[in-house]
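Here's coords34.cif, which has mmCIF, C-alpha atoms:
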```
data_run
loop_
_atom_site.label_atom_id
_atom_site.label_comp_id
_atom_site.auth_asym_id
_atom_site.auth_seq_id
_atom_site.Cartn_x
_atom_site.Cartn_y
_atom_site.Cartn_z
CA MET A 1342 48.04 -50.80 32.42
CA ALA A 1343 48.64 -51.49 28.76
CA GLN A 1344 47.50 -48.83 26.36
CA PRO A 1345 45.24 -49.81 23.42
CA ALA A 1346 47.01 -50.06 20.13
CA SER A 1347 46.68 -47.01 17.97
CA ALA A 1348 45.95 -47.15 14.25
CA TRP A 1349 49.33 -45.46 13.81
CA ASP A 1350 51.00 -48.56 15.28
CA HIS A 1351 49.73 -50.74 12.43
CA HIS A 1352 52.53 -51.55 10.01
CA PRO A 1353 51.17 -53.92 7.37
CA GLN A 1354 53.62 -56.18 5.65
CA PRO A 1355 53.82 -55.78 1.87
CA LEU A 1356 52.94 -58.74 -0.32
CA ALA A 1357 55.96 -60.97 -0.84
CA PRO A 1358 57.04 -61.37 -4.51
CA ALA A 1359 57.34 -65.13 -4.02
CA SER A 1360 53.67 -65.30 -2.97
CA ALA A 1361 52.47 -64.24 -6.43
CA PRO A 1362 51.03 -67.17 -8.46
CA ALA A 1363 53.66 -67.21 -11.20
CA PRO A 1364 52.76 -68.86 -14.53
CA GLU A 1365 53.29 -72.60 -14.96
CA TYR A 1366 56.25 -72.24 -17.31
CA GLY A 1367 57.50 -75.62 -18.50
CA THR A 1368 54.43 -77.67 -17.62
CA GLY A 1369 51.20 -75.80 -18.27
CA SER A 1370 51.66 -72.34 -19.77
CA LEU A 1371 50.84 -70.90 -23.18
CA ALA A 1372 54.54 -71.12 -24.02
CA ASP A 1373 54.30 -74.91 -23.73
CA LEU A 1374 51.38 -75.44 -26.11
CA LEU A 1375 52.89 -75.33 -29.59
CA PRO A 1376 56.08 -77.21 -28.62
CA THR A 1377 53.86 -79.98 -27.23
CA LEU A 1378 51.79 -80.16 -30.42
CA ALA A 1379 54.89 -79.98 -32.64
CA ALA A 1380 56.61 -82.73 -30.65
CA GLY A 1381 53.61 -84.96 -31.34
CA MET A 1382 54.12 -84.22 -35.05
CA ALA A 1383 57.79 -85.27 -34.88
CA VAL A 1384 59.22 -81.77 -35.31
CA PRO A 1385 62.89 -81.94 -34.23
CA GLY A 1386 63.87 -80.14 -31.05
CA MET A 1387 60.34 -79.88 -29.68
CA THR A 1388 59.37 -81.20 -26.24
CA ALA A 1389 55.94 -82.37 -25.13
CA ALA A 1390 55.82 -80.14 -22.05
CA ILE A 1391 52.07 -80.47 -21.37
CA PRO A 1392 51.79 -84.18 -20.53
CA GLU A 1393 47.98 -84.32 -20.67
CA LEU A 1394 47.77 -83.70 -24.42
CA THR A 1395 47.54 -86.52 -26.96
CA ALA A 1396 49.45 -86.32 -30.24
CA ALA A 1397 47.56 -85.74 -33.49
CA ASP A 1398 48.55 -85.48 -37.16
CA ARG A 1399 46.63 -82.23 -37.60
CA ASN A 1400 46.39 -79.53 -34.95
CA CYS A 1401 44.50 -76.25 -34.93
CA VAL A 1402 44.87 -73.53 -32.31
CA PHE A 1403 42.02 -71.00 -32.20
CA LEU A 1404 43.13 -68.12 -29.96
CA ILE A 1405 40.36 -65.81 -28.76
CA ASP A 1406 41.88 -62.59 -27.48
CA GLY A 1407 40.68 -61.80 -23.97
CA LEU A 1408 38.68 -64.97 -23.23
CA GLY A 1409 39.85 -65.91 -19.76
CA TRP A 1410 38.95 -69.15 -18.02
CA GLU A 1411 36.94 -67.42 -15.32
CA GLN A 1412 35.02 -65.26 -17.79
CA LEU A 1413 34.04 -68.30 -19.85
CA ARG A 1414 32.85 -70.24 -16.81
CA ALA A 1415 30.78 -67.25 -15.69
CA HIS A 1416 28.83 -67.00 -18.97
CA PRO A 1417 27.33 -70.40 -19.85
CA ASP A 1418 24.25 -68.88 -21.48
CA GLU A 1419 26.28 -66.78 -23.90
CA ALA A 1420 28.74 -69.58 -24.75
CA PRO A 1421 26.88 -72.90 -24.57
CA PHE A 1422 29.14 -74.74 -27.01
CA MET A 1423 32.40 -73.78 -25.28
CA THR A 1424 30.84 -74.29 -21.85
CA ALA A 1425 30.07 -77.89 -22.80
CA LEU A 1426 33.78 -78.31 -23.59
CA LEU A 1427 35.09 -77.04 -20.25
CA GLY A 1428 35.73 -80.57 -19.04
CA THR A 1429 37.97 -81.26 -22.03
CA SER A 1430 40.37 -78.46 -21.11
CA ARG A 1431 44.01 -79.45 -20.80
CA GLY A 1432 43.60 -82.98 -22.04
CA GLY A 1433 40.38 -83.83 -20.20
CA THR A 1434 41.58 -82.74 -16.77
CA GLY A 1435 39.21 -79.77 -16.80
CA ARG A 1436 42.03 -77.45 -15.75
CA PRO A 1437 43.17 -74.22 -17.42
CA LEU A 1438 46.55 -73.18 -18.75
CA THR A 1439 48.31 -70.08 -17.50
CA ALA A 1440 49.23 -67.14 -19.66
CA ALA A 1441 52.66 -65.59 -19.37
CA PHE A 1442 53.42 -62.60 -17.17
CA PRO A 1443 52.41 -59.96 -17.87
CA ALA A 1444 49.07 -61.39 -19.04
CA THR A 1445 48.94 -59.15 -22.07
CA THR A 1446 48.63 -59.72 -25.81
CA ALA A 1447 52.14 -58.99 -27.08
CA THR A 1448 53.74 -61.07 -24.35
CA SER A 1449 51.35 -64.00 -24.68
CA LEU A 1450 51.38 -64.15 -28.49
CA ALA A 1451 55.17 -64.18 -28.45
CA SER A 1452 55.09 -66.98 -25.87
CA VAL A 1453 52.60 -68.96 -27.97
CA GLY A 1454 54.50 -68.55 -31.22
CA THR A 1455 58.06 -69.02 -30.01
CA GLY A 1456 57.31 -71.59 -27.33
CA ARG A 1457 59.47 -69.58 -24.93
CA PRO A 1458 58.81 -67.55 -21.77
CA PRO A 1459 58.97 -63.74 -21.81
CA GLY A 1460 62.38 -63.64 -20.19
CA THR A 1461 63.73 -65.46 -23.24
CA HIS A 1462 61.73 -64.14 -26.19
CA GLY A 1463 62.05 -60.59 -24.91
CA LEU A 1464 58.54 -59.13 -25.13
CA PRO A 1465 57.92 -58.88 -21.37
CA GLY A 1466 55.10 -56.36 -21.33
CA TYR A 1467 52.94 -53.87 -23.18
CA THR A 1468 55.68 -51.22 -23.07
CA VAL A 1469 59.25 -51.80 -21.89
CA ARG A 1470 62.49 -49.86 -21.98
CA ASN A 1471 64.86 -50.45 -24.85
CA PRO A 1472 68.25 -50.55 -23.08
CA ASP A 1473 70.02 -49.48 -26.28
CA THR A 1474 68.07 -46.23 -26.66
CA GLY A 1475 66.59 -45.58 -23.22
CA GLU A 1476 63.14 -45.15 -24.80
CA LEU A 1477 59.92 -46.98 -24.03
CA MET A 1478 59.12 -49.55 -26.69
CA ASN A 1479 55.45 -50.38 -27.34
CA GLN A 1480 55.62 -54.04 -28.31
CA LEU A 1481 52.04 -54.26 -29.53
CA ARG A 1482 52.26 -51.30 -31.91
CA TRP A 1483 56.06 -51.63 -32.38
CA GLN A 1484 56.76 -47.98 -31.67
CA PRO A 1485 59.36 -46.61 -31.93
CA TRP A 1486 60.63 -48.87 -34.69
CA THR A 1487 63.41 -51.33 -33.92
CA SER A 1488 64.63 -54.32 -35.90
CA PRO A 1489 62.24 -57.23 -35.24
CA LYS A 1490 64.98 -59.84 -35.69
CA VAL A 1491 67.20 -58.06 -33.21
CA TRP A 1492 64.41 -57.60 -30.70
CA GLN A 1493 63.25 -61.25 -30.93
CA PRO A 1494 65.84 -63.46 -32.66
CA TYR A 1495 64.44 -66.94 -31.96
CA PRO A 1496 62.60 -68.95 -34.64
CA THR A 1497 58.90 -69.55 -34.17
CA VAL A 1498 57.44 -73.03 -33.79
CA PHE A 1499 55.64 -72.47 -37.10
CA GLN A 1500 58.99 -71.89 -38.82
CA LEU A 1501 60.48 -75.03 -37.31
CA ALA A 1502 57.40 -77.07 -38.20
CA HIS A 1503 57.46 -75.79 -41.79
CA GLU A 1504 61.14 -76.73 -42.09
CA ALA A 1505 60.25 -80.21 -40.83
CA GLY A 1506 57.68 -80.72 -43.60
CA VAL A 1507 54.56 -79.84 -41.62
CA HIS A 1508 51.99 -77.69 -43.40
CA ALA A 1509 51.95 -74.52 -41.26
CA ALA A 1510 49.44 -71.71 -41.73
CA GLN A 1511 48.08 -68.69 -39.87
CA VAL A 1512 44.58 -67.48 -40.70
CA SER A 1513 43.83 -64.04 -39.30
CA SER A 1514 42.79 -60.52 -40.19
CA PRO A 1515 44.73 -59.10 -43.17
CA THR A 1516 45.60 -56.17 -40.89
CA PHE A 1517 48.11 -58.35 -39.05
CA GLU A 1518 49.93 -59.88 -42.01
CA ASN A 1519 52.94 -57.56 -42.09
CA THR A 1520 53.08 -56.29 -38.53
CA PRO A 1521 56.39 -56.73 -36.67
CA LEU A 1522 54.60 -58.59 -33.86
CA THR A 1523 53.34 -61.17 -36.37
CA LYS A 1524 56.83 -61.47 -37.84
CA VAL A 1525 58.54 -62.13 -34.52
CA ALA A 1526 55.80 -64.23 -32.91
CA LEU A 1527 53.71 -66.05 -35.50
CA SER A 1528 55.54 -66.21 -38.84
CA GLY A 1529 56.34 -69.44 -40.65
CA GLY A 1530 54.51 -71.25 -43.42
CA SER A 1531 51.63 -69.30 -44.97
CA PHE A 1532 49.74 -66.26 -43.71
CA LEU A 1533 46.20 -66.13 -45.06
CA GLY A 1534 44.19 -62.99 -44.36
CA ARG A 1535 40.39 -63.03 -44.12
CA LEU A 1536 38.15 -60.28 -42.78
CA SER A 1537 35.17 -62.13 -41.34
CA GLY A 1538 35.28 -64.65 -38.55
CA GLU A 1539 33.29 -67.13 -40.64
CA ASP A 1540 35.75 -66.90 -43.51
CA ARG A 1541 38.65 -67.42 -41.13
CA VAL A 1542 37.33 -70.59 -39.52
CA ASP A 1543 36.22 -72.01 -42.89
CA LEU A 1544 39.68 -71.41 -44.32
CA ALA A 1545 41.34 -72.82 -41.22
CA ALA A 1546 39.43 -76.07 -41.73
CA GLN A 1547 40.53 -76.17 -45.36
CA GLN A 1548 44.16 -75.61 -44.37
CA LEU A 1549 44.00 -78.44 -41.87
CA ALA A 1550 42.91 -80.79 -44.65
CA ALA A 1551 45.61 -79.58 -47.04
CA ALA A 1552 48.26 -82.06 -45.81
CA ASP A 1553 48.67 -85.20 -43.75
CA ARG A 1554 50.46 -83.16 -41.08
CA SER A 1555 49.11 -79.65 -40.49
CA LEU A 1556 49.59 -76.97 -37.85
CA VAL A 1557 47.06 -74.15 -38.24
CA TYR A 1558 46.54 -71.06 -36.09
CA THR A 1559 43.58 -68.70 -36.24
CA TYR A 1560 42.74 -65.66 -34.14
CA TYR A 1561 39.82 -63.46 -33.12
CA ALA A 1562 40.47 -60.05 -31.50
CA GLU A 1563 37.13 -58.32 -31.14
CA LEU A 1564 36.10 -59.86 -27.79
CA ASP A 1565 39.10 -58.22 -26.16
CA GLY A 1566 38.27 -54.90 -27.79
CA ALA A 1567 34.72 -54.98 -26.46
CA GLY A 1568 36.00 -55.76 -22.97
CA HIS A 1569 38.43 -52.86 -22.96
CA ARG A 1570 35.89 -50.37 -24.25
CA PHE A 1571 32.65 -51.46 -22.61
CA GLY A 1572 33.62 -53.93 -19.88
CA LEU A 1573 32.67 -57.54 -19.19
CA ASP A 1574 29.30 -56.51 -17.79
CA SER A 1575 28.09 -55.08 -21.09
CA ASP A 1576 25.81 -56.20 -23.88
CA ASN A 1577 28.63 -55.52 -26.34
CA TRP A 1578 30.97 -57.98 -24.64
CA ARG A 1579 28.30 -60.62 -24.19
CA GLY A 1580 27.28 -60.26 -27.84
CA GLN A 1581 30.88 -60.82 -28.93
CA LEU A 1582 31.08 -63.91 -26.73
CA MET A 1583 27.92 -65.31 -28.31
CA TYR A 1584 29.37 -64.72 -31.76
CA VAL A 1585 32.71 -66.32 -31.02
CA ASP A 1586 30.97 -69.34 -29.48
CA ARG A 1587 29.24 -69.88 -32.81
CA LEU A 1588 32.58 -69.55 -34.62
CA VAL A 1589 34.14 -72.26 -32.45
CA GLN A 1590 31.22 -74.58 -33.16
CA ARG A 1591 31.40 -73.82 -36.88
CA LEU A 1592 35.09 -74.74 -36.96
CA ALA A 1593 34.62 -77.85 -34.82
CA GLU A 1594 31.96 -79.17 -37.20
CA GLN A 1595 34.35 -78.90 -40.19
CA LEU A 1596 37.44 -80.62 -38.78
CA PRO A 1597 39.03 -83.15 -41.14
CA PRO A 1598 39.96 -86.62 -39.80
CA ASN A 1599 42.81 -87.03 -37.31
CA THR A 1600 42.55 -83.42 -36.14
CA THR A 1601 42.58 -81.82 -32.71
CA LEU A 1602 41.20 -78.32 -32.24
CA TYR A 1603 42.41 -76.34 -29.23
CA VAL A 1604 40.54 -73.21 -28.17
CA THR A 1605 42.57 -70.93 -25.94
CA ALA A 1606 43.25 -67.26 -25.15
CA ASP A 1607 46.09 -64.89 -24.40
CA HIS A 1608 44.71 -63.55 -21.10
CA GLY A 1609 41.53 -62.89 -19.14
CA MET A 1610 40.22 -59.53 -17.97
CA ILE A 1611 38.63 -57.65 -15.07
CA ASP A 1612 36.53 -54.48 -14.91
CA VAL A 1613 38.00 -51.77 -12.68
CA PRO A 1614 35.73 -49.05 -11.20
CA PHE A 1615 36.31 -45.42 -12.15
CA ASP A 1616 37.24 -43.84 -8.84
CA GLU A 1617 40.41 -42.71 -7.10
CA GLN A 1618 40.42 -45.73 -4.80
CA HIS A 1619 40.66 -48.17 -7.69
CA ARG A 1620 42.54 -46.03 -10.22
CA ILE A 1621 45.73 -44.59 -8.75
CA ASP A 1622 47.01 -41.87 -11.05
CA PHE A 1623 50.80 -41.91 -11.37
CA ASP A 1624 50.74 -38.54 -13.09
CA ASP A 1625 49.10 -36.94 -10.03
CA ASP A 1626 51.08 -38.80 -7.33
CA TRP A 1627 54.37 -37.15 -6.44
CA GLU A 1628 55.41 -40.04 -4.16
CA LEU A 1629 55.15 -42.64 -6.90
CA ARG A 1630 56.85 -40.34 -9.42
CA ALA A 1631 59.84 -39.58 -7.21
CA GLY A 1632 63.00 -41.05 -8.69
CA VAL A 1633 61.18 -42.60 -11.67
CA ALA A 1634 62.63 -41.98 -15.12
CA LEU A 1635 60.15 -44.06 -17.15
CA LEU A 1636 56.84 -45.77 -16.42
CA GLY A 1637 56.30 -48.86 -18.57
CA GLY A 1638 53.91 -51.78 -18.75
CA GLU A 1639 50.20 -51.16 -18.20
CA GLY A 1640 47.85 -50.42 -15.34
CA ARG A 1641 47.93 -53.85 -13.71
CA ALA A 1642 51.50 -54.83 -14.57
CA ARG A 1643 53.99 -51.97 -14.36
CA HIS A 1644 57.67 -51.85 -15.27
CA VAL A 1645 59.16 -48.94 -13.32
CA TYR A 1646 62.54 -47.61 -14.46
CA ALA A 1647 64.36 -45.56 -11.86
CA VAL A 1648 66.76 -42.68 -12.24
CA PRO A 1649 70.25 -44.21 -11.85
CA GLY A 1650 71.02 -44.51 -8.17
CA ALA A 1651 67.38 -44.24 -7.05
CA GLU A 1652 66.42 -47.89 -7.56
CA ASN A 1653 66.24 -48.81 -3.85
CA ASP A 1654 64.37 -45.63 -2.95
CA VAL A 1655 61.77 -46.25 -5.65
CA LEU A 1656 61.35 -49.86 -4.53
CA THR A 1657 60.89 -48.80 -0.92
CA CYS A 1658 58.39 -46.08 -1.79
CA TRP A 1659 56.28 -48.25 -4.07
CA ARG A 1660 56.16 -50.98 -1.42
CA GLU A 1661 55.10 -48.52 1.26
CA VAL A 1662 52.39 -46.94 -0.89
CA LEU A 1663 51.11 -49.96 -2.84
CA GLY A 1664 52.47 -53.08 -1.13
CA GLU A 1665 49.13 -54.23 0.29
CA GLN A 1666 47.45 -54.18 -3.14
CA PHE A 1667 50.31 -55.04 -5.50
CA TRP A 1668 53.10 -57.54 -5.50
CA ILE A 1669 56.08 -55.16 -5.68
CA ALA A 1670 59.42 -56.69 -6.64
CA SER A 1671 62.83 -55.56 -7.67
CA ARG A 1672 63.96 -56.83 -11.05
CA ASP A 1673 66.05 -59.58 -9.45
CA GLU A 1674 63.27 -60.55 -7.03
CA ALA A 1675 60.79 -60.89 -9.91
CA ILE A 1676 63.27 -63.05 -11.81
CA GLU A 1677 63.96 -65.21 -8.76
CA ALA A 1678 60.21 -65.65 -8.19
CA GLY A 1679 59.79 -66.98 -11.74
CA TRP A 1680 57.57 -64.20 -13.05
CA PHE A 1681 59.22 -64.14 -16.48
CA GLY A 1682 60.36 -67.76 -16.68
CA ARG A 1683 62.88 -69.80 -14.73
CA PRO A 1684 65.82 -67.67 -13.57
CA ASP A 1685 68.16 -69.54 -15.93
CA GLN A 1686 65.87 -68.67 -18.87
CA ILE A 1687 66.37 -64.90 -18.65
CA ASP A 1688 68.26 -63.89 -21.78
CA PRO A 1689 70.94 -61.23 -21.05
CA ARG A 1690 69.51 -59.01 -23.81
CA VAL A 1691 66.14 -59.03 -21.97
CA TYR A 1692 67.44 -58.25 -18.48
CA GLY A 1693 67.55 -54.49 -19.01
CA ARG A 1694 64.06 -54.45 -20.52
CA LEU A 1695 62.59 -55.51 -17.18
CA GLY A 1696 61.73 -52.75 -14.73
CA ASP A 1697 64.03 -51.85 -11.86
CA VAL A 1698 60.77 -52.29 -9.98
CA VAL A 1699 57.93 -54.52 -11.19
CA ALA A 1700 54.39 -54.02 -9.82
CA ALA A 1701 51.68 -56.66 -10.32
CA ALA A 1702 48.17 -55.96 -9.04
CA ARG A 1703 46.50 -58.39 -6.66
CA ASP A 1704 43.41 -56.29 -5.92
CA ASP A 1705 40.99 -54.69 -8.39
CA VAL A 1706 43.16 -51.61 -8.85
CA LEU A 1707 45.15 -49.88 -11.58
CA ILE A 1708 48.13 -47.58 -11.74
CA ILE A 1709 46.93 -45.31 -14.52
CA ALA A 1710 48.79 -42.39 -16.10
CA SER A 1711 46.04 -40.02 -17.17
CA GLN A 1712 48.29 -37.54 -18.98
CA ARG A 1713 50.82 -39.77 -20.71
CA GLU A 1714 48.43 -42.69 -21.32
CA PRO A 1715 44.96 -41.13 -21.75
CA LYS A 1716 43.46 -43.91 -23.90
CA GLU A 1717 44.74 -46.77 -21.77
CA SER A 1718 43.69 -44.96 -18.59
CA ALA A 1719 40.09 -44.74 -19.84
CA MET A 1720 39.62 -48.48 -20.46
CA VAL A 1721 36.88 -50.28 -18.54
CA GLY A 1722 38.29 -53.80 -18.82
CA ASN A 1723 41.95 -54.38 -17.95
CA HIS A 1724 44.47 -57.18 -17.62
CA GLY A 1725 48.15 -57.87 -17.12
CA SER A 1726 48.67 -59.31 -13.64
CA MET A 1727 48.76 -62.80 -12.15
CA THR A 1728 45.28 -63.04 -10.63
CA ALA A 1729 43.17 -65.98 -11.73
CA ALA A 1730 40.82 -63.69 -13.68
CA GLU A 1731 43.72 -62.49 -15.84
CA GLN A 1732 46.20 -65.36 -15.82
CA LEU A 1733 44.07 -68.48 -16.36
CA VAL A 1734 43.03 -69.36 -19.92
CA PRO A 1735 41.11 -72.33 -21.33
CA LEU A 1736 42.50 -75.09 -23.50
CA LEU A 1737 39.26 -76.58 -24.82
CA GLU A 1738 39.68 -79.64 -27.01
CA VAL A 1739 37.72 -81.13 -29.90
CA ARG A 1740 39.05 -84.27 -31.63
CA SER A 1741 37.92 -85.78 -34.93
#
```

Show me this structure written as structure tokens.
Amino acid sequence: MAQPASAWDHHPQPLAPASAPAPEYGTGSLADLLPTLAAGMAVPGMTAAIPELTAADRNCVFLIDGLGWEQLRAHPDEAPFMTALLGTSRGGTGRPLTAAFPATTATSLASVGTGRPPGTHGLPGYTVRNPDTGELMNQLRWQPWTSPKVWQPYPTVFQLAHEAGVHAAQVSSPTFENTPLTKVALSGGSFLGRLSGEDRVDLAAQQLAAADRSLVYTYYAELDGAGHRFGLDSDNWRGQLMYVDRLVQRLAEQLPPNTTLYVTADHGMIDVPFDEQHRIDFDDDWELRAGVALLGGEGRARHVYAVPGAENDVLTCWREVLGEQFWIASRDEAIEAGWFGRPDQIDPRVYGRLGDVVAAARDDVLIIASQREPKESAMVGNHGSMTAAEQLVPLLEVRS
């Protein structure tokens, strides 16, 4: 008589790296937006990669940090103006774009500005290893310092547009004017710093009207900050969404003729509960730490750098411990699956920046590091992985 199966006989299969919903590089990702707009403005070398978009003489990109597609659709009362534009997304198809992977600010802004995937521009995460020094490099804060031009050598689309005679301008907080991230991702033409959101959108409209061909970028960061600190289910976050909805309407009502306004974001966000089931602490887990030299990335998108010779052991362990909740891939498996761009787009200088093991969360979980990353580990709202809540971003359109 057959014996009943024991719970100890259950051997779940880890999530396959190829099953992760990789970004739509080349057809519908953030990296394809500015090249498509610039191609429509006759900038040499640019390709219209997003076929749904219609060319315009003047283009404005308003990037709202942290406003994912799913979060916008879930809050029609707080964002009535943008909600009414949902059907215009991606050229009237009503579909979102995808961010890059990881779905995090430094990576996405570099993809927007350079028009290239992370495996090419070389900012493939919040923190990554610098192969030349062996240290973790924080690509948002640019610590420790390294030469921006060496780290990201490609010209931005704004630079190429400016050289082609297009009036290019970025309107943002003065805080960002001289940061290395701005230099490598968004430089070219004029940077115009304004403190208030109203002043930024008013100036963006003026810059659009300053020439027959204009490419203007403006940015709002505070929605993301409210999500990290208070979570999406907070009055603070909803208040920020209400405010930014009014900013979008204010800009839309000032567009000069022959202009298209695109409202997009760098990533979405999810709230993760504060308990041991949802927040796995690397600093307290000897299994996950075994053989690991450096822990990079962020809670939902980790680059794991192994002690030389321990790469396979680390991969095996992380799959056994986390494989039902995370897509766990070796560096080469992640590249082959298209996480950082097509395999032929991975720049040799970037290869060593990618983790020996890359972990992308599927479930509502984090790999925190309470001792080495106390501030990041305490955040309510998080992002980074390839789930729809994090990866999908709007591309709302207003034409004049």

Just want the 10 Å neighbourhood of Ala1730 in chain A, counted on only C-alpha atoms, with same-chain residues fewer than 5 positions away dropped. Output as a ChimeraX atom specification. /A:1408-1412,1608-1611,1724-1725

Near Thr1497 in chain A, counting only C-alpha atoms, which residues have an atom at most 7 Å away, once you skip same-chain residues fewer than 6 positions from it, shown as a PyMOL selection string? chain A and resi 1454-1455+1526-1529

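This file gives the following result for the PyMOL selection byres ((chain A and resi 1480) around 9): Ala1447, Thr1448, Leu1464, Pro1465, Gly1466, Tyr1467, Thr1468, Val1469, Met1478, Asn1479, Leu1481, Arg1482, Trp1483, Gln1484, Pro1521 and Leu1522 of chain A.
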
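Once the PyMOL selection byres ((chain A and resi 1634) around 9) is applied to the depicted file, the selected set reads Arg1630, Ala1631, Gly1632, Val1633, Leu1635, Leu1636, Val1645, Tyr1646, Ala1647, Val1648 and Pro1649 of chain A.
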
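Taking all atoms listed in the file into account, Gly1506 in chain A lies nearest to A:Arg1554 out of the set A:Arg1541, A:Arg1694, A:Arg1554, A:Arg1570.
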
Nearest to Gly1679 in chain A among A:Gln1511, A:Thr1487, A:Gln1354, A:Ser1360, with distances taken over all atoms listed in the file: which residue is it? A:Ser1360

Taking the file as shown, find all residues satisfying the PyMOL selection byres ((chain A and resi 1639) around 10) and write them as a PDB file with C-alpha atoms, in the frame of the given file.
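Wrote it out as result09.pdb, contents follow:
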```pdb
ATOM      1  CA  PRO A1443      52.410 -59.960 -17.870  1.00  0.00           C
ATOM      2  CA  THR A1445      48.940 -59.150 -22.070  1.00  0.00           C
ATOM      3  CA  GLY A1466      55.100 -56.360 -21.330  1.00  0.00           C
ATOM      4  CA  TYR A1467      52.940 -53.870 -23.180  1.00  0.00           C
ATOM      5  CA  THR A1468      55.680 -51.220 -23.070  1.00  0.00           C
ATOM      6  CA  VAL A1469      59.250 -51.800 -21.890  1.00  0.00           C
ATOM      7  CA  LEU A1636      56.840 -45.770 -16.420  1.00  0.00           C
ATOM      8  CA  GLY A1637      56.300 -48.860 -18.570  1.00  0.00           C
ATOM      9  CA  GLY A1638      53.910 -51.780 -18.750  1.00  0.00           C
ATOM     10  CA  GLY A1640      47.850 -50.420 -15.340  1.00  0.00           C
ATOM     11  CA  ARG A1641      47.930 -53.850 -13.710  1.00  0.00           C
ATOM     12  CA  ALA A1642      51.500 -54.830 -14.570  1.00  0.00           C
ATOM     13  CA  ARG A1643      53.990 -51.970 -14.360  1.00  0.00           C
ATOM     14  CA  HIS A1644      57.670 -51.850 -15.270  1.00  0.00           C
ATOM     15  CA  ALA A1700      54.390 -54.020  -9.820  1.00  0.00           C
ATOM     16  CA  ALA A1701      51.680 -56.660 -10.320  1.00  0.00           C
ATOM     17  CA  LEU A1707      45.150 -49.880 -11.580  1.00  0.00           C
ATOM     18  CA  ILE A1708      48.130 -47.580 -11.740  1.00  0.00           C
ATOM     19  CA  ILE A1709      46.930 -45.310 -14.520  1.00  0.00           C
ATOM     20  CA  ALA A1710      48.790 -42.390 -16.100  1.00  0.00           C
ATOM     21  CA  GLU A1714      48.430 -42.690 -21.320  1.00  0.00           C
ATOM     22  CA  GLU A1717      44.740 -46.770 -21.770  1.00  0.00           C
ATOM     23  CA  SER A1718      43.690 -44.960 -18.590  1.00  0.00           C
ATOM     24  CA  ASN A1723      41.950 -54.380 -17.950  1.00  0.00           C
ATOM     25  CA  HIS A1724      44.470 -57.180 -17.620  1.00  0.00           C
ATOM     26  CA  GLY A1725      48.150 -57.870 -17.120  1.00  0.00           C
ATOM     27  CA  SER A1726      48.670 -59.310 -13.640  1.00  0.00           C
TER      28      SER A1726
END
```

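Look at Pro1417 in chain A: the protein and nucleic acid residues within 12 Å of it, using all atoms listed in the file and passing over chain neighbours fewer than 5 places away, are Trp1410, Glu1411, Gln1412, Phe1422, Met1423, Thr1424, Ala1425, Leu1426, Leu1427, Arg1579, Leu1582, Met1583 and Asp1586 of chain A.
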
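Atom pair CA of Ala1550 in chain A / CA of Pro1597 in chain A: separated by 5.7 Å.
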
Using all atoms listed in the file for the distances, tell me which of A:Pro1421, A:Pro1376, A:Gly1696, A:Pro1437 is nearest to Pro1364 in chain A. A:Pro1437

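Closest approach to Phe1499 in chain A among A:Leu1556, A:Met1720, A:Leu1450, A:Val1734 is made by A:Leu1556 (distances from all atoms listed in the file).
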